[in-house]
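**Student:** Please find one structure pasted underneath; my questions will follow.
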2 protein chains.
Amino acid sequence: MPFEILILGSGAATPTFNRNCSAQYLTICGTQVLIDCGESTQNQIRKYHKKFQTIKAIFISHLHGDHFFGLPGLISTMHLCGRTEPLTVYAPKGARESLMLLFEVSGTELRFELTINEIDTLEPVEIHHDKNFRVVAFPLHHSLPTYGFVFEEFTPLLNLRPNVREQYGMSNDECVRVKQGEDLVLADGTVVPNVELTFPPVKPRRYAYCCDTAYDESIIPVVAGVDLLCMESTFGRAFEQLAKDRCHCTAAQAASIALQAGAGKLILTHFSARFIDTTPLLAEARSVFANTECAADGAIFKIENQQEQL
Amino acid sequence: MPFEILILGSGAATPTFNRNCSAQYLTICGTQVLIDCGESTQNQIRKYHKKFQTIKAIFISHLHGDHFFGLPGLISTMHLCGRTEPLTVYAPKGARESLMLLFEVSGTELRFELTINEIDTLEPVEIHHDKNFRVVAFPLHHSLPTYGFVFEEFTPLLNLRPNVREQYGMSNDECVRVKQGEDLVLADGTVVPNVELTFPPVKPRRYAYCCDTAYDESIIPVVAGVDLLCMESTFGRAFEQLAKDRCHCTAAQAASIALQAGAGKLILTHFSARFIDTTPLLAEARSVFANTECAADGAIFKIENQQEQL
C-alpha cells in the first residue's frame with residue numbers, strides 16, 4: 001500500500017506564482033485525506049489530477065487563512081459535484097461556526113454528512129482512528145491555537161513463513177491466530193512456537209506534519225522516530241529573530257528538530273514569498289540534518305515499506 | 001481614460017481547468033474596482049499582472065461561493081502585503097457578519113479601513129459615487145438575494161473649440177464656466193452663445209454586469225443603452241428548463257435582453273462546466289444579437305470613447 005504525500009501548496013501566508021498556500025494530499029492505507037486547505041486547494045487538487053470526492057477526512061492545523069480559507073469552497077464543490085459520502089473535518093475551535101455561517105449565507109445545504117470535530121488539547125491526543133491507521137494531534141507553538149499531526153499505520157499482522165500452512169495443515173482460523181502472534185497447537189498436543197511459523201511484517205510507517213510553529217523542542221517526543229517529518233521553514237537563519245517574533249521556524253531550526261527526533265527524512269515547507277530560490281534554505285537545513293528536501297507544489301514524497309528483519 | 005474589463009473568471013459554480021469562478025477587474029476613470037470575487041481571484045489577479053492594492057472597491061453580486069469565497073483571502077492578502085488605503089466592499093446582507101467572523105477566527109486584525117456596505121434594495125439604487133463615475137445596483141432574479149451593477153461615467157465637461165480662449169482672451173474662471181455650459185459675456189456686454197464656444201465631450205460610457213440571474217425582462221430599463229452588457233449564460237437553449245429551475249439564463253435569453261435593451265455589445269459569461277467549447281452558445285446568442293462575444297479568463301473588453309458629433 002503506498003504511503004504518499006502530494007504537496008498541493010508550499011508557500012506561506014500569501015500565494016505566489018509558484019507556491020500556493022498550505023495543503024497536502026495524503027494517501028495512507030488506501031485512504032485519501034487532506035492536510036490543511038489554503039485558498040485554491042481545490043484548483044491544486046485538479047491540477048495534479050487527484051480526486052477530491054475520495055477524500056475521507058480533512059485535518060486543519062490552524063485557522064490562518066492560508067491554511068483554512070480554501071475549505072468552504074472545496075466542501076461546496078464536493079456538494080455541487082454530487083457527493084453523498086460523509087466527510088469529517090478536524091480543525092481548531094472556530095472552524096464549525098465560521099463554516100456553518102458561510103454555508104448559511106451562501107445558501108449551501110449540503111447533501112452529505114459533514115462532521116466537524118474541533119480540536120482543543122494541550123497534550124497529544126488521538127483524534128482519528130481508521131481501520132488501518134490513526135492520527136494524533138498535538139499542540140504547536142504559534143500565534144493561534146495550532147496543531148501538528150502524526151499519521152501512523154497500525155502494526156500489521158505477522159506474515160506466515162513460506163509453506164508452514166501446508167506443512168502443518170493449518171485451518172483458516174489457525175492462520176489468523178498465528179498471524180496475531182499465537183503459537184500453534186497440533187492435534188497431538190505439540191506446540192509449534194510462533195517464531196518458527198512467522199516473520200515480522202513490514203514496519204508501520206509514520207508521517208508528522210508541523211506547520212505553523214515556532215522552534216519548540218517539546219514536540220520532539222511526539223515526532224520521535226517518524227519516517228518522514230514535514231516542518232515549516234518560513235525563514236532562514238538570517239531571519240531568526242523575525243521567525244521567533246512571528247512564531248515561525250528557520251530551516252536550521254526545523255533540521256534541528258528532525259535531528260533530535262531521529263526522523264528518517266525531513267521536508268521543509270511553508271516558505272516565505274521572499275524565497276524564490278529555496279536552495280539556501282535547503283543548504284542551511286542539510287548542514288544540520290543531511291536527509292532534507294524542500295517541498296514544491298506538485299512534489300510527491302513516498303514512504304517506502306521497510307521489511308522487518310527475519 | 002480607458003474603460004476596460006479584464007475577465008478573471010468566466011466559469012459557473014465550480015472552477016475548471018480553464019475557467020475560474022466569477023470575478024472581473026474593471027478599470028474606470030483611472031480607478032480599479034473588482035466585480036465578484038470567487039475563490040482564487042487573488043491568484044487570477046497575479047496571473048494577469050494586475051495590482052490588487054490599487055483596487056478601491058469590490059462589488060459582490062451575491063453570496064454564492066463562486067462569487068464570494070475568494071474575498072476573505074484577497075482582503076487578508078491585501079492586509080499581509082501592507083495595505084493602508086481604505087477599501088469598500090458592497091455586498092448583499094450576510095457578507096459583513098461572515099467576513100468579520102472569518103477574520104476573528106483567523107486572527108486577522110486589518111491595518112486598513114474596511115467598510116462593508118450591505119445592499120438591500122428592491123429598486124435600482126446608486127450605491128457608489130466616485131469623482132468621475134457612479135455605480136447603480138439593481139435586483140436580479142436568482143436563488144439568493146442578487147444584484148446587478150451598472151458602472152456609469154459622469155458626463156464630462158464640454159470641450160472648448162480650438163482657439164476660442166485666445167480669440168476672446170478668456171480667463172481660467174471663464175473657461176470653467178463655459179465648459180460647464182454658460183455663455184460668455186465680453187467686457188462690452190456682448191454675449192457669445194455657449195454653442196459657438198464649445199463642442200460636446202465624449203459620450204459617457206456605461207457597463208452593466210448581470211450575474212447570476214434567471215431571464216427577467218424587468219432589468220431591461222435599467223441596462224437600456226449600455227455600451228457593454230455582461231450577462232450570465234450558464235446554459236444553452238437545450239437546457240432552458242434547467243436554466244429556469246436554477247434561476248440561470250440561456251445564451252439566447254441573454255441575447256434577447258441585450259437586443260431589447262439596445263446594448264452596444266454583449267459578453268456572455270458564467271458558463272456551466274459542461275461547456276468546454278462555448279462556440280454553440282456564442283452561435284445561439286448571435287442568432288439573436290449579433291454583436292456578442294464569449295468571456296474567457298484573461299480576456300479584456302474595452303469600451304472606446306465615442307466623440308459626440310460637432
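Here, A, B, ... name the chains of the C-alpha cells in the order displayed, residue numbers run from 1 inside each chain, and ligands are numbered from 1 in the same displayed order.
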Output the coordinates of chain B after least-squares fitting to chain A on all in-order C-alpha pairs, as a JSON list (two decimals) with C-alpha atoms, in the first residue's frame.

**Tutor:**
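Dumped everything to selection04.json:
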[["chain", "number", "residue", "atom", "x", "y", "z"],
["B", 1, "MET", "CA", 0.06, 0.00, 0.03],
["B", 2, "PRO", "CA", 1.56, 3.37, -0.90],
["B", 3, "PHE", "CA", 2.12, 5.97, 1.80],
["B", 4, "GLU", "CA", 2.41, 9.11, -0.23],
["B", 5, "ILE", "CA", 2.30, 12.86, 0.32],
["B", 6, "LEU", "CA", 1.49, 15.15, -2.60],
["B", 7, "ILE", "CA", 2.36, 18.77, -1.89],
["B", 8, "LEU", "CA", -0.53, 20.97, -3.04],
["B", 9, "GLY", "CA", 0.84, 24.18, -1.58],
["B", 10, "SER", "CA", 4.25, 25.01, -0.14],
["B", 11, "GLY", "CA", 4.02, 28.76, 0.31],
["B", 12, "ALA", "CA", 3.43, 30.87, 3.40],
["B", 13, "ALA", "CA", 0.77, 33.46, 4.16],
["B", 14, "THR", "CA", 0.12, 34.68, 0.60],
["B", 15, "PRO", "CA", 0.17, 32.62, -2.58],
["B", 16, "THR", "CA", 2.79, 33.34, -5.25],
["B", 17, "PHE", "CA", 3.16, 32.34, -8.89],
["B", 18, "ASN", "CA", 4.90, 29.11, -7.93],
["B", 19, "ARG", "CA", 3.64, 28.28, -4.49],
["B", 20, "ASN", "CA", 0.05, 28.00, -3.40],
["B", 21, "CYS", "CA", -0.99, 28.21, 0.23],
["B", 22, "SER", "CA", -0.59, 25.20, 2.50],
["B", 23, "ALA", "CA", -2.24, 21.91, 1.63],
["B", 24, "GLN", "CA", -1.12, 18.31, 1.29],
["B", 25, "TYR", "CA", -2.90, 15.32, -0.21],
["B", 26, "LEU", "CA", -2.02, 12.22, 1.78],
["B", 27, "THR", "CA", -2.61, 8.64, 0.73],
["B", 28, "ILE", "CA", -2.32, 6.22, 3.66],
["B", 29, "CYS", "CA", -3.50, 2.60, 3.81],
["B", 30, "GLY", "CA", -5.59, 3.15, 0.68],
["B", 31, "THR", "CA", -7.32, 6.17, 2.18],
["B", 32, "GLN", "CA", -7.05, 9.77, 0.99],
["B", 33, "VAL", "CA", -6.98, 12.62, 3.45],
["B", 34, "LEU", "CA", -6.15, 16.28, 3.15],
["B", 35, "ILE", "CA", -3.89, 18.21, 5.49],
["B", 36, "ASP", "CA", -4.65, 21.94, 5.55],
["B", 37, "CYS", "CA", -6.68, 23.67, 2.89],
["B", 38, "GLY", "CA", -5.46, 27.12, 1.88],
["B", 39, "GLU", "CA", -7.39, 29.05, -0.75],
["B", 40, "SER", "CA", -7.38, 27.41, -4.18],
["B", 41, "THR", "CA", -6.61, 23.94, -2.83],
["B", 42, "GLN", "CA", -9.46, 22.58, -4.95],
["B", 43, "ASN", "CA", -7.73, 23.96, -8.04],
["B", 44, "GLN", "CA", -4.47, 22.35, -6.97],
["B", 45, "ILE", "CA", -6.19, 18.98, -6.50],
["B", 46, "ARG", "CA", -7.46, 19.24, -10.07],
["B", 47, "LYS", "CA", -4.13, 20.47, -11.40],
["B", 48, "TYR", "CA", -2.34, 17.44, -10.00],
["B", 49, "HIS", "CA", -5.04, 15.03, -11.20],
["B", 50, "LYS", "CA", -6.20, 13.87, -7.81],
["B", 51, "LYS", "CA", -9.77, 13.11, -6.81],
["B", 52, "PHE", "CA", -11.45, 15.27, -4.21],
["B", 53, "GLN", "CA", -14.51, 13.07, -3.71],
["B", 54, "THR", "CA", -12.42, 10.23, -2.30],
["B", 55, "ILE", "CA", -11.04, 12.43, 0.49],
["B", 56, "LYS", "CA", -12.35, 10.89, 3.71],
["B", 57, "ALA", "CA", -11.09, 13.41, 6.25],
["B", 58, "ILE", "CA", -9.51, 16.85, 6.35],
["B", 59, "PHE", "CA", -7.06, 17.92, 9.05],
["B", 60, "ILE", "CA", -6.70, 21.68, 9.54],
["B", 61, "SER", "CA", -3.67, 22.72, 11.59],
["B", 62, "HIS", "CA", -4.99, 26.22, 12.40],
["B", 63, "LEU", "CA", -7.38, 28.83, 11.13],
["B", 64, "HIS", "CA", -5.01, 31.29, 9.47],
["B", 65, "GLY", "CA", -6.41, 31.96, 6.02],
["B", 66, "ASP", "CA", -3.52, 30.33, 4.18],
["B", 67, "HIS", "CA", -4.40, 27.01, 5.86],
["B", 68, "PHE", "CA", -8.18, 27.30, 6.04],
["B", 69, "PHE", "CA", -9.76, 29.67, 3.50],
["B", 70, "GLY", "CA", -9.92, 27.01, 0.78],
["B", 71, "LEU", "CA", -12.12, 24.74, 2.87],
["B", 72, "PRO", "CA", -15.55, 26.37, 2.27],
["B", 73, "GLY", "CA", -15.01, 26.25, -1.49],
["B", 74, "LEU", "CA", -13.73, 22.68, -1.52],
["B", 75, "ILE", "CA", -16.66, 21.41, 0.56],
["B", 76, "SER", "CA", -19.06, 23.42, -1.60],
["B", 77, "THR", "CA", -17.60, 21.87, -4.75],
["B", 78, "MET", "CA", -17.82, 18.37, -3.24],
["B", 79, "HIS", "CA", -21.51, 19.12, -2.64],
["B", 80, "LEU", "CA", -22.18, 20.58, -6.10],
["B", 81, "CYS", "CA", -20.46, 17.61, -7.73],
["B", 82, "GLY", "CA", -22.89, 15.23, -6.05],
["B", 83, "ARG", "CA", -20.99, 13.89, -3.06],
["B", 84, "THR", "CA", -22.98, 11.59, -0.82],
["B", 85, "GLU", "CA", -20.15, 10.06, 1.22],
["B", 86, "PRO", "CA", -19.64, 11.52, 4.70],
["B", 87, "LEU", "CA", -16.70, 13.82, 5.34],
["B", 88, "THR", "CA", -14.99, 14.55, 8.63],
["B", 89, "VAL", "CA", -13.08, 17.75, 9.28],
["B", 90, "TYR", "CA", -10.72, 18.12, 12.23],
["B", 91, "ALA", "CA", -9.90, 21.72, 13.01],
["B", 92, "PRO", "CA", -9.34, 24.12, 15.89],
["B", 93, "LYS", "CA", -12.25, 25.86, 17.58],
["B", 94, "GLY", "CA", -14.01, 28.41, 15.41],
["B", 95, "ALA", "CA", -14.01, 26.27, 12.28],
["B", 96, "ARG", "CA", -17.51, 24.93, 12.81],
["B", 97, "GLU", "CA", -19.15, 28.28, 13.47],
["B", 98, "SER", "CA", -17.50, 30.00, 10.54],
["B", 99, "LEU", "CA", -18.12, 27.16, 8.07],
["B", 100, "MET", "CA", -21.76, 26.89, 9.13],
["B", 101, "LEU", "CA", -22.26, 30.64, 8.73],
["B", 102, "LEU", "CA", -20.66, 30.64, 5.28],
["B", 103, "PHE", "CA", -22.86, 27.76, 4.17],
["B", 104, "GLU", "CA", -25.89, 29.57, 5.56],
["B", 105, "VAL", "CA", -25.26, 32.89, 3.82],
["B", 106, "SER", "CA", -24.34, 31.14, 0.58],
["B", 107, "GLY", "CA", -27.48, 29.01, 0.66],
["B", 108, "THR", "CA", -25.45, 25.80, 0.71],
["B", 109, "GLU", "CA", -27.44, 22.86, 2.05],
["B", 110, "LEU", "CA", -25.05, 19.95, 1.96],
["B", 111, "ARG", "CA", -26.41, 16.66, 0.70],
["B", 112, "PHE", "CA", -23.75, 14.68, 2.54],
["B", 113, "GLU", "CA", -22.92, 14.31, 6.20],
["B", 114, "LEU", "CA", -20.26, 16.77, 7.30],
["B", 115, "THR", "CA", -18.83, 16.20, 10.77],
["B", 116, "ILE", "CA", -16.63, 18.92, 12.18],
["B", 117, "ASN", "CA", -14.59, 17.76, 15.15],
["B", 118, "GLU", "CA", -12.93, 20.68, 16.85],
["B", 119, "ILE", "CA", -9.51, 20.05, 18.35],
["B", 120, "ASP", "CA", -8.76, 21.55, 21.73],
["B", 121, "THR", "CA", -5.93, 19.90, 23.58],
["B", 122, "LEU", "CA", -2.76, 20.76, 25.44],
["B", 123, "GLU", "CA", -1.41, 17.22, 25.10],
["B", 124, "PRO", "CA", -0.98, 14.82, 22.19],
["B", 125, "VAL", "CA", -4.27, 13.05, 21.61],
["B", 126, "GLU", "CA", -5.57, 10.52, 19.11],
["B", 127, "ILE", "CA", -8.21, 12.36, 17.08],
["B", 128, "HIS", "CA", -8.83, 9.91, 14.25],
["B", 129, "HIS", "CA", -8.87, 6.14, 14.22],
["B", 130, "ASP", "CA", -9.38, 4.37, 10.93],
["B", 131, "LYS", "CA", -9.21, 0.66, 10.17],
["B", 132, "ASN", "CA", -5.53, 0.75, 9.37],
["B", 133, "PHE", "CA", -4.14, 4.00, 10.71],
["B", 134, "ARG", "CA", -4.57, 6.61, 13.36],
["B", 135, "VAL", "CA", -3.90, 10.32, 13.63],
["B", 136, "VAL", "CA", -2.53, 12.06, 16.71],
["B", 137, "ALA", "CA", -2.88, 15.82, 17.12],
["B", 138, "PHE", "CA", -0.49, 17.77, 19.32],
["B", 139, "PRO", "CA", -0.18, 21.47, 20.10],
["B", 140, "LEU", "CA", 2.34, 23.63, 18.29],
["B", 141, "HIS", "CA", 3.61, 27.02, 19.32],
["B", 142, "HIS", "CA", 2.03, 29.63, 17.05],
["B", 143, "SER", "CA", 0.08, 32.89, 17.20],
["B", 144, "LEU", "CA", -3.25, 31.03, 17.07],
["B", 145, "PRO", "CA", -4.20, 27.61, 18.49],
["B", 146, "THR", "CA", -2.33, 25.30, 16.12],
["B", 147, "TYR", "CA", -1.86, 21.55, 15.97],
["B", 148, "GLY", "CA", 0.64, 19.21, 14.41],
["B", 149, "PHE", "CA", -0.43, 15.78, 13.24],
["B", 150, "VAL", "CA", 1.23, 12.36, 13.26],
["B", 151, "PHE", "CA", -0.23, 9.88, 10.76],
["B", 152, "GLU", "CA", 0.60, 6.38, 11.86],
["B", 153, "GLU", "CA", -0.12, 3.00, 10.32],
["B", 154, "PHE", "CA", -1.16, 0.27, 12.71],
["B", 155, "THR", "CA", 1.20, -2.64, 13.17],
["B", 156, "PRO", "CA", 0.06, -5.16, 10.59],
["B", 157, "LEU", "CA", -0.43, -8.86, 11.28],
["B", 158, "LEU", "CA", 2.61, -11.15, 11.28],
["B", 159, "ASN", "CA", 3.40, -12.87, 7.99],
["B", 160, "LEU", "CA", 3.31, -16.68, 7.68],
["B", 161, "ARG", "CA", 6.60, -18.24, 6.63],
["B", 162, "PRO", "CA", 6.45, -19.94, 3.22],
["B", 163, "ASN", "CA", 4.78, -23.37, 3.19],
["B", 164, "VAL", "CA", 4.03, -23.62, 6.93],
["B", 165, "ARG", "CA", 0.31, -23.63, 6.20],
["B", 166, "GLU", "CA", 0.62, -26.73, 4.01],
["B", 167, "GLN", "CA", 3.25, -28.32, 6.25],
["B", 168, "TYR", "CA", 0.97, -28.24, 9.31],
["B", 169, "GLY", "CA", -2.39, -28.39, 7.50],
["B", 170, "MET", "CA", -3.48, -25.13, 9.18],
["B", 171, "SER", "CA", -7.13, -24.03, 9.00],
["B", 172, "ASN", "CA", -8.08, -20.41, 8.21],
["B", 173, "ASP", "CA", -8.81, -19.77, 11.89],
["B", 174, "GLU", "CA", -5.43, -21.15, 12.88],
["B", 175, "CYS", "CA", -3.74, -18.94, 10.25],
["B", 176, "VAL", "CA", -5.42, -15.82, 11.67],
["B", 177, "ARG", "CA", -4.49, -16.71, 15.27],
["B", 178, "VAL", "CA", -0.89, -17.45, 14.33],
["B", 179, "LYS", "CA", -0.69, -14.16, 12.39],
["B", 180, "GLN", "CA", -1.93, -12.48, 15.57],
["B", 181, "GLY", "CA", 1.03, -13.99, 17.45],
["B", 182, "GLU", "CA", -0.31, -17.24, 18.94],
["B", 183, "ASP", "CA", 1.58, -20.51, 18.91],
["B", 184, "LEU", "CA", 0.11, -23.43, 16.93],
["B", 185, "VAL", "CA", -1.13, -26.50, 18.83],
["B", 186, "LEU", "CA", -1.20, -29.60, 16.64],
["B", 187, "ALA", "CA", -3.77, -32.44, 16.95],
["B", 188, "ASP", "CA", -1.28, -34.55, 18.95],
["B", 189, "GLY", "CA", -0.73, -31.70, 21.43],
["B", 190, "THR", "CA", 2.63, -30.63, 20.04],
["B", 191, "VAL", "CA", 3.16, -26.86, 20.33],
["B", 192, "VAL", "CA", 4.85, -25.14, 17.39],
["B", 193, "PRO", "CA", 6.23, -21.80, 18.66],
["B", 194, "ASN", "CA", 4.96, -18.76, 16.78],
["B", 195, "VAL", "CA", 8.50, -17.64, 15.91],
["B", 196, "GLU", "CA", 8.96, -20.82, 13.81],
["B", 197, "LEU", "CA", 5.79, -20.04, 11.82],
["B", 198, "THR", "CA", 5.97, -16.32, 11.15],
["B", 199, "PHE", "CA", 8.24, -13.44, 10.30],
["B", 200, "PRO", "CA", 7.70, -9.82, 11.26],
["B", 201, "PRO", "CA", 5.56, -7.74, 8.94],
["B", 202, "VAL", "CA", 6.60, -4.50, 7.29],
["B", 203, "LYS", "CA", 7.38, -1.75, 9.75],
["B", 204, "PRO", "CA", 4.41, 0.58, 10.33],
["B", 205, "ARG", "CA", 5.14, 3.95, 8.78],
["B", 206, "ARG", "CA", 4.72, 7.35, 10.43],
["B", 207, "TYR", "CA", 4.47, 10.84, 8.99],
["B", 208, "ALA", "CA", 4.46, 14.04, 11.05],
["B", 209, "TYR", "CA", 3.27, 17.45, 9.87],
["B", 210, "CYS", "CA", 4.26, 20.53, 11.91],
["B", 211, "CYS", "CA", 3.08, 23.77, 10.35],
["B", 212, "ASP", "CA", 2.98, 26.56, 11.54],
["B", 213, "THR", "CA", 5.19, 26.62, 14.62],
["B", 214, "ALA", "CA", 7.97, 28.45, 16.36],
["B", 215, "TYR", "CA", 11.02, 26.39, 17.31],
["B", 216, "ASP", "CA", 9.73, 24.25, 20.15],
["B", 217, "GLU", "CA", 11.59, 21.22, 21.47],
["B", 218, "SER", "CA", 8.53, 19.98, 23.31],
["B", 219, "ILE", "CA", 7.31, 18.36, 20.08],
["B", 220, "ILE", "CA", 10.38, 16.14, 19.80],
["B", 221, "PRO", "CA", 9.03, 13.20, 21.84],
["B", 222, "VAL", "CA", 5.82, 13.22, 19.79],
["B", 223, "VAL", "CA", 7.54, 13.07, 16.42],
["B", 224, "ALA", "CA", 10.47, 10.92, 17.58],
["B", 225, "GLY", "CA", 11.45, 8.30, 15.02],
["B", 226, "VAL", "CA", 8.94, 9.25, 12.33],
["B", 227, "ASP", "CA", 9.91, 8.11, 8.85],
["B", 228, "LEU", "CA", 9.12, 11.50, 7.39],
["B", 229, "LEU", "CA", 8.86, 14.83, 9.15],
["B", 230, "CYS", "CA", 7.41, 17.89, 7.43],
["B", 231, "MET", "CA", 8.39, 21.09, 9.22],
["B", 232, "GLU", "CA", 7.59, 24.64, 8.34],
["B", 233, "SER", "CA", 10.61, 26.68, 7.36],
["B", 234, "THR", "CA", 9.15, 30.10, 6.71],
["B", 235, "PHE", "CA", 12.53, 31.78, 7.12],
["B", 236, "GLY", "CA", 16.27, 31.18, 7.07],
["B", 237, "ARG", "CA", 18.89, 31.75, 9.75],
["B", 238, "ALA", "CA", 19.29, 35.39, 8.70],
["B", 239, "PHE", "CA", 15.70, 36.05, 9.81],
["B", 240, "GLU", "CA", 15.88, 34.14, 13.11],
["B", 241, "GLN", "CA", 14.55, 37.02, 15.19],
["B", 242, "LEU", "CA", 11.71, 37.64, 12.73],
["B", 243, "ALA", "CA", 10.90, 33.93, 12.82],
["B", 244, "LYS", "CA", 10.75, 34.06, 16.61],
["B", 245, "ASP", "CA", 8.60, 37.20, 16.63],
["B", 246, "ARG", "CA", 6.14, 35.66, 14.20],
["B", 247, "CYS", "CA", 6.14, 32.18, 15.75],
["B", 248, "HIS", "CA", 7.78, 30.54, 12.75],
["B", 249, "CYS", "CA", 10.86, 28.38, 12.23],
["B", 250, "THR", "CA", 14.08, 28.83, 10.31],
["B", 251, "ALA", "CA", 15.40, 26.03, 8.10],
["B", 252, "ALA", "CA", 18.16, 25.29, 10.63],
["B", 253, "GLN", "CA", 15.66, 25.08, 13.47],
["B", 254, "ALA", "CA", 13.47, 22.69, 11.49],
["B", 255, "ALA", "CA", 16.52, 20.55, 10.81],
["B", 256, "SER", "CA", 17.49, 20.62, 14.47],
["B", 257, "ILE", "CA", 14.08, 19.20, 15.40],
["B", 258, "ALA", "CA", 14.49, 16.47, 12.78],
["B", 259, "LEU", "CA", 17.95, 15.62, 14.11],
["B", 260, "GLN", "CA", 16.89, 15.50, 17.75],
["B", 261, "ALA", "CA", 13.77, 13.50, 16.88],
["B", 262, "GLY", "CA", 15.76, 10.96, 14.86],
["B", 263, "ALA", "CA", 13.45, 11.42, 11.87],
["B", 264, "GLY", "CA", 14.16, 9.38, 8.76],
["B", 265, "LYS", "CA", 13.81, 12.31, 6.43],
["B", 266, "LEU", "CA", 12.86, 15.99, 6.63],
["B", 267, "ILE", "CA", 10.70, 18.04, 4.26],
["B", 268, "LEU", "CA", 10.81, 21.81, 4.55],
["B", 269, "THR", "CA", 7.70, 23.74, 3.54],
["B", 270, "HIS", "CA", 5.74, 27.00, 4.07],
["B", 271, "PHE", "CA", 8.38, 29.24, 2.54],
["B", 272, "SER", "CA", 8.05, 33.00, 2.83],
["B", 273, "ALA", "CA", 7.34, 34.61, -0.55],
["B", 274, "ARG", "CA", 10.73, 36.33, -0.30],
["B", 275, "PHE", "CA", 12.46, 33.00, -1.05],
["B", 276, "ILE", "CA", 11.99, 32.50, -4.77],
["B", 277, "ASP", "CA", 15.00, 30.20, -4.66],
["B", 278, "THR", "CA", 14.95, 27.91, -1.63],
["B", 279, "THR", "CA", 18.42, 26.43, -2.26],
["B", 280, "PRO", "CA", 20.00, 28.45, 0.56],
["B", 281, "LEU", "CA", 17.33, 27.18, 2.98],
["B", 282, "LEU", "CA", 18.00, 23.63, 1.86],
["B", 283, "ALA", "CA", 21.75, 24.06, 2.36],
["B", 284, "GLU", "CA", 21.15, 25.60, 5.77],
["B", 285, "ALA", "CA", 19.00, 22.65, 6.85],
["B", 286, "ARG", "CA", 21.30, 20.00, 5.36],
["B", 287, "SER", "CA", 24.22, 21.39, 7.32],
["B", 288, "VAL", "CA", 22.28, 20.24, 10.39],
["B", 289, "PHE", "CA", 20.29, 17.28, 9.05],
["B", 290, "ALA", "CA", 21.53, 15.83, 5.77],
["B", 291, "ASN", "CA", 18.44, 13.96, 4.59],
["B", 292, "THR", "CA", 16.36, 17.05, 3.89],
["B", 293, "GLU", "CA", 14.32, 18.07, 0.85],
["B", 294, "CYS", "CA", 12.35, 21.20, 0.05],
["B", 295, "ALA", "CA", 8.66, 20.88, -0.74],
["B", 296, "ALA", "CA", 7.45, 22.24, -4.06],
["B", 297, "ASP", "CA", 3.90, 22.38, -5.35],
["B", 298, "GLY", "CA", 3.27, 19.10, -7.16],
["B", 299, "ALA", "CA", 6.15, 17.24, -5.49],
["B", 300, "ILE", "CA", 5.42, 13.74, -4.20],
["B", 301, "PHE", "CA", 7.15, 12.21, -1.19],
["B", 302, "LYS", "CA", 6.75, 8.49, -0.58],
["B", 303, "ILE", "CA", 7.49, 6.47, 2.50],
["B", 304, "GLU", "CA", 8.56, 3.05, 1.29],
["B", 305, "ASN", "CA", 7.83, -0.12, 3.21],
["B", 306, "GLN", "CA", 10.71, -1.47, 5.23],
["B", 307, "GLN", "CA", 10.60, -5.18, 5.96],
["B", 308, "GLU", "CA", 11.48, -6.04, 9.53],
["B", 309, "GLN", "CA", 14.45, -8.41, 9.63],
["B", 310, "LEU", "CA", 13.74, -12.15, 9.62]]

**Student:** Could you go through segment 164-281 of chain A and tell me which residues DSSP, when run on the backbone, assigns to helix (DSSP H, G or I), listing them as a VMD selection string?

**Tutor:** chain A and resid 164 to 168 172 to 179 194 to 197 217 to 223 237 to 245 251 to 261 279 to 281

**Student:** Just the strand (DSSP E or B) stuff from segment 189-254 of chain B, please, per backbone DSSP, written as an MDAnalysis selection string.

**Tutor:** chainID B and resid 191:192 198:199 202 206:210 228:232 235 250
